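Novice: Take a look at this one; I'll ask things after.
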Number of protein chains: 2
Amino acid sequence: MTSSVQRKRVRKSPEDRRAEIVGAAAEVALTEGLECITLRRIAEQLDVRPGLISHYFPAVEDLVAEAFGSAATAELEALLPTEPPDGSALRHLARFFARTTGPSYDDMSRLWLNARHLSRYRPVLRERVLDQENGWRGRLGGVIAAGVEQGEFRTDDPVLTAVRILVVIDGLAVHANTGLRDHPSSVTRLAAATAERELGLSDGTLNPADTTSPTDAPAPTPPAPAPVAEQS
Amino acid sequence: MTSSVQRKRVRKSPEDRRAEIVGAAAEVALTEGLECITLRRIAEQLDVRPGLISHYFPAVEDLVAEAFGSAATAELEALLPTEPPDGSALRHLARFFARTTGPSYDDMSRLWLNARHLSRYRPVLRERVLDQENGWRGRLGGVIAAGVEQGEFRTDDPVLTAVRILVVIDGLAVHANTGLRDHPSSVTRLAAATAERELGLSDGTLNPADTTSPTDAPAPTPPAPAPVAEQS
DNA sequence: TTGCTTATTGGTCGCACACTCAATAGCATC
DNA sequence: GATGCTATTGAGTGTGCGACCAATAAGCAA
């Protein structure tokens, strides 16, 4: 795997290398967890020496925060693009719930859970989490406000509504590592149901099932990604 | 603090010592986090040698799970006692929301967040978390069922209602480490409001503010408990 | 008082981690 | 083709962790 005899050095521009490192860290964060972002792990991923990672990120905590920010931003961008391609706000919201509630979102749920816990010990990460929360809240609030403008939704305070919806989504997401595969639809729908009520929509208007891609559900969610020897 | 010269051994019965260890671990779990349950840390707390902890818990993971179970069980018992002392189910629920929503519950919120994340890597802990979830769901479902029996509440499926309430509480709890001190009441009340709606109660019936002890709110929530040198 | 069981100690081992820094070698420029 | 800048390496430091085990002494029973 790792070339055994005499390393061949590849020299890249600082910008490229830095981006590469953040990208690798974001991937590790999503698949294995933020605690697995170590100098050795990321270096191995990129086939370089650990010292190089230290060179770009003298303090690992900064890389961890960066990785989370990168992954969360990318997800938000995919979920609620800055410039809505077209179509009604209602369709956007339906898509939003279809994805955030589906099992393919488990990695993301795990990452948020991870980041929120780790924020307890990592100030830099905590700030980044707060930034992202603002971003998500604002973006969702924006879509809702647009819907209100178009007359599709009805609410007094779009941002407050967004917060309430996000709270429910978070409440569902905390079970990403432990299951909650019992009460499926009646509980899973709780998020969309909340939105429908808050926005003055009739039941089922935002039903995720309608907009989910056909081949999506099968995977029964892997139990745990990569326990690693000792996690501390 | 730690006796410097020549340790004086204190010999206790295995049952006592074991309970003592679990108790210390539960305290550390609540105040500093499950990752801080280490052989050395718990030993220091009890003024014994690390080897002794190993003797009672050959695998630390078992102690971690035990500590979480102990803390969570104690909290549930205080929150929703097995045998309701008396009074209406409605009063019990009001008390329940008053406490679970107040800032004094932050340690508990942090612990659940911690446990749910750590479950990703610790199978034993994961099982314990699932056990506790069942316990909480069942206990809350019981209170609701009792309320329905007494005609105070109205719902088709008490347990499903309990799950929905718990989801909202979890959604609020994830912010224990990061804040959410912006939208206070309108968001905080989300849990009780959900319950009121689900149980066919009129708005404000379960208002936490009414049952909160007078001297409760002041503390603006400490930012972080114990960052420790390197947390991994 | 003596003896025995075993709770408790003290020390050690191996591992993974972040962080530091002088030496090295890619590569653009001249 | 030689030169200089600097991205990259290799080696090393110190810390904290879980796990292991032979030696020790506390306290009960005879």
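Going by the structure tokens order, chains are called A, B, ..., each with residues numbered from 1, while ligands are numbered from 1 in the order shown.
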Using only C-alpha atoms (C1' of nucleotides), which residues of chain B come within 10 Å of chain D, and what is the closest atom pair for each, with the distance in Å to one decimal? Give it as JSON lines, sorted by chain and residue number.
Specialist:
```
{"residue": "B:Lys8", "atom": "CA", "partner": "D:DA25", "partner_atom": "C1'", "distance": 10.0}
{"residue": "B:Arg9", "atom": "CA", "partner": "D:DA26", "partner_atom": "C1'", "distance": 7.4}
{"residue": "B:Val10", "atom": "CA", "partner": "D:DA26", "partner_atom": "C1'", "distance": 7.5}
{"residue": "B:Arg11", "atom": "CA", "partner": "D:DA26", "partner_atom": "C1'", "distance": 6.1}
{"residue": "B:Lys12", "atom": "CA", "partner": "D:DA26", "partner_atom": "C1'", "distance": 9.3}
{"residue": "B:Thr38", "atom": "CA", "partner": "D:DC17", "partner_atom": "C1'", "distance": 8.0}
{"residue": "B:Leu39", "atom": "CA", "partner": "D:DG18", "partner_atom": "C1'", "distance": 8.0}
{"residue": "B:Arg40", "atom": "CA", "partner": "D:DC17", "partner_atom": "C1'", "distance": 9.0}
{"residue": "B:Gly51", "atom": "CA", "partner": "D:DA19", "partner_atom": "C1'", "distance": 9.3}
{"residue": "B:Ser54", "atom": "CA", "partner": "D:DA19", "partner_atom": "C1'", "distance": 8.1}
{"residue": "B:Pro58", "atom": "CA", "partner": "D:DA19", "partner_atom": "C1'", "distance": 8.1}
{"residue": "B:Ala59", "atom": "CA", "partner": "D:DG18", "partner_atom": "C1'", "distance": 8.1}
{"residue": "B:Val60", "atom": "CA", "partner": "D:DG18", "partner_atom": "C1'", "distance": 7.8}
{"residue": "B:Ala229", "atom": "CA", "partner": "D:DT15", "partner_atom": "C1'", "distance": 9.8}
{"residue": "B:Glu230", "atom": "CA", "partner": "D:DG16", "partner_atom": "C1'", "distance": 8.7}
{"residue": "B:Gln231", "atom": "CA", "partner": "D:DG16", "partner_atom": "C1'", "distance": 9.8}
```
Novice: As a PDB file with N, CA and C atoms, in the first residue's frame, please: the residues near Ile21 (chain B) (cut-off 8 Å, only C-alpha atoms (C1' of nucleotides), same-chain neighbours under 2 positions excluded).
Specialist:
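Result file is result_38.pdb:
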```
ATOM      1  N   ARG B  17     -17.072  -1.266  47.460  1.00  0.00           N
ATOM      2  CA  ARG B  17     -16.069  -0.639  46.618  1.00  0.00           C
ATOM      3  C   ARG B  17     -16.589  -0.458  45.204  1.00  0.00           C
ATOM      4  N   ARG B  18     -17.233  -1.469  44.727  1.00  0.00           N
ATOM      5  CA  ARG B  18     -17.763  -1.404  43.362  1.00  0.00           C
ATOM      6  C   ARG B  18     -18.766  -0.261  43.229  1.00  0.00           C
ATOM      7  N   ALA B  19     -19.670  -0.189  44.201  1.00  0.00           N
ATOM      8  CA  ALA B  19     -20.675   0.872  44.178  1.00  0.00           C
ATOM      9  C   ALA B  19     -20.006   2.238  44.238  1.00  0.00           C
ATOM     10  N   GLY B  23     -20.247   5.125  41.475  1.00  0.00           N
ATOM     11  CA  GLY B  23     -20.723   6.450  41.882  1.00  0.00           C
ATOM     12  C   GLY B  23     -19.775   7.544  41.460  1.00  0.00           C
ATOM     13  N   ALA B  24     -18.489   7.327  41.712  1.00  0.00           N
ATOM     14  CA  ALA B  24     -17.489   8.326  41.319  1.00  0.00           C
ATOM     15  C   ALA B  24     -17.487   8.512  39.813  1.00  0.00           C
ATOM     16  N   ALA B  25     -17.574   7.408  39.102  1.00  0.00           N
ATOM     17  CA  ALA B  25     -17.569   7.480  37.635  1.00  0.00           C
ATOM     18  C   ALA B  25     -18.792   8.233  37.122  1.00  0.00           C
ATOM     19  N   ILE B  42     -10.531   8.203  37.959  1.00  0.00           N
ATOM     20  CA  ILE B  42     -11.438   7.656  38.968  1.00  0.00           C
ATOM     21  C   ILE B  42     -10.663   7.254  40.214  1.00  0.00           C
ATOM     22  N   LEU B  46     -11.080   8.678  44.170  1.00  0.00           N
ATOM     23  CA  LEU B  46     -11.347   7.839  45.347  1.00  0.00           C
ATOM     24  C   LEU B  46     -10.101   7.662  46.209  1.00  0.00           C
ATOM     25  N   ILE B  53      -9.126  -0.018  40.172  1.00  0.00           N
ATOM     26  CA  ILE B  53     -10.267   0.172  39.268  1.00  0.00           C
ATOM     27  C   ILE B  53     -10.274  -0.945  38.232  1.00  0.00           C
TER      28      ILE B  53
END
```
Novice: Rounded to one decimal, what separation in Å do you get between CA of Leu206 (chain A) and CA of Arg189 (chain A)?
Specialist: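 So the answer is 9.3 Å.
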Novice: For chain B, list the residues within 6 Å of chain A, counting only C-alpha atoms, and write the list as a tab-separated table (two decimals) with C-alpha atoms, in the first residue's frame.
Specialist:
```tsv
chain	number	residue	atom	x	y	z
B	114	ASN	CA	-22.06	12.51	25.10
B	117	HIS	CA	-22.06	10.11	20.30
B	120	ARG	CA	-20.74	5.05	17.90
B	121	TYR	CA	-17.54	3.45	19.11
B	167	VAL	CA	-37.68	13.74	20.31
B	168	VAL	CA	-38.39	17.42	20.88
B	170	ASP	CA	-33.62	15.76	22.58
B	171	GLY	CA	-33.68	18.36	19.86
B	177	ASN	CA	-22.71	22.74	24.75
B	224	ALA	CA	-17.58	24.35	29.33
B	227	PRO	CA	-11.50	21.02	28.86
```
Novice: From the set B:Ala65, B:Ala43, B:Glu196, B:Glu15, which residue has the shortest atom-to-atom contact distance to Gln132 (chain B), counting only C-alpha atoms?
Specialist: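 Under the stated criterion, the closest residue is B:Ala65.
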Novice: Neighbouring residues of Leu76 (chain A) were defined as those with any atom within 12 Å, considering only C-alpha atoms (C1' of nucleotides); residues of the same chain fewer than 6 positions away were excluded. Please report them as a list of chain:residue names.
Specialist: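 Final neighbour list, sorted by chain and number: A:Gly69, A:Ser70, A:Thr82, A:Phe96, A:Arg99, A:Thr100, A:Tyr105, A:Met108, A:Gln132, A:Glu133, A:Asn134, A:Gly135, A:Trp136, A:Arg137, A:Gly138, A:Arg139, A:Leu140.
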Novice: May I have the residues of chain C within 8 Å of chain A, counting only C-alpha atoms (C1' of nucleotides), written as number ranges by chain?
Specialist: C: 17-19, 25-26
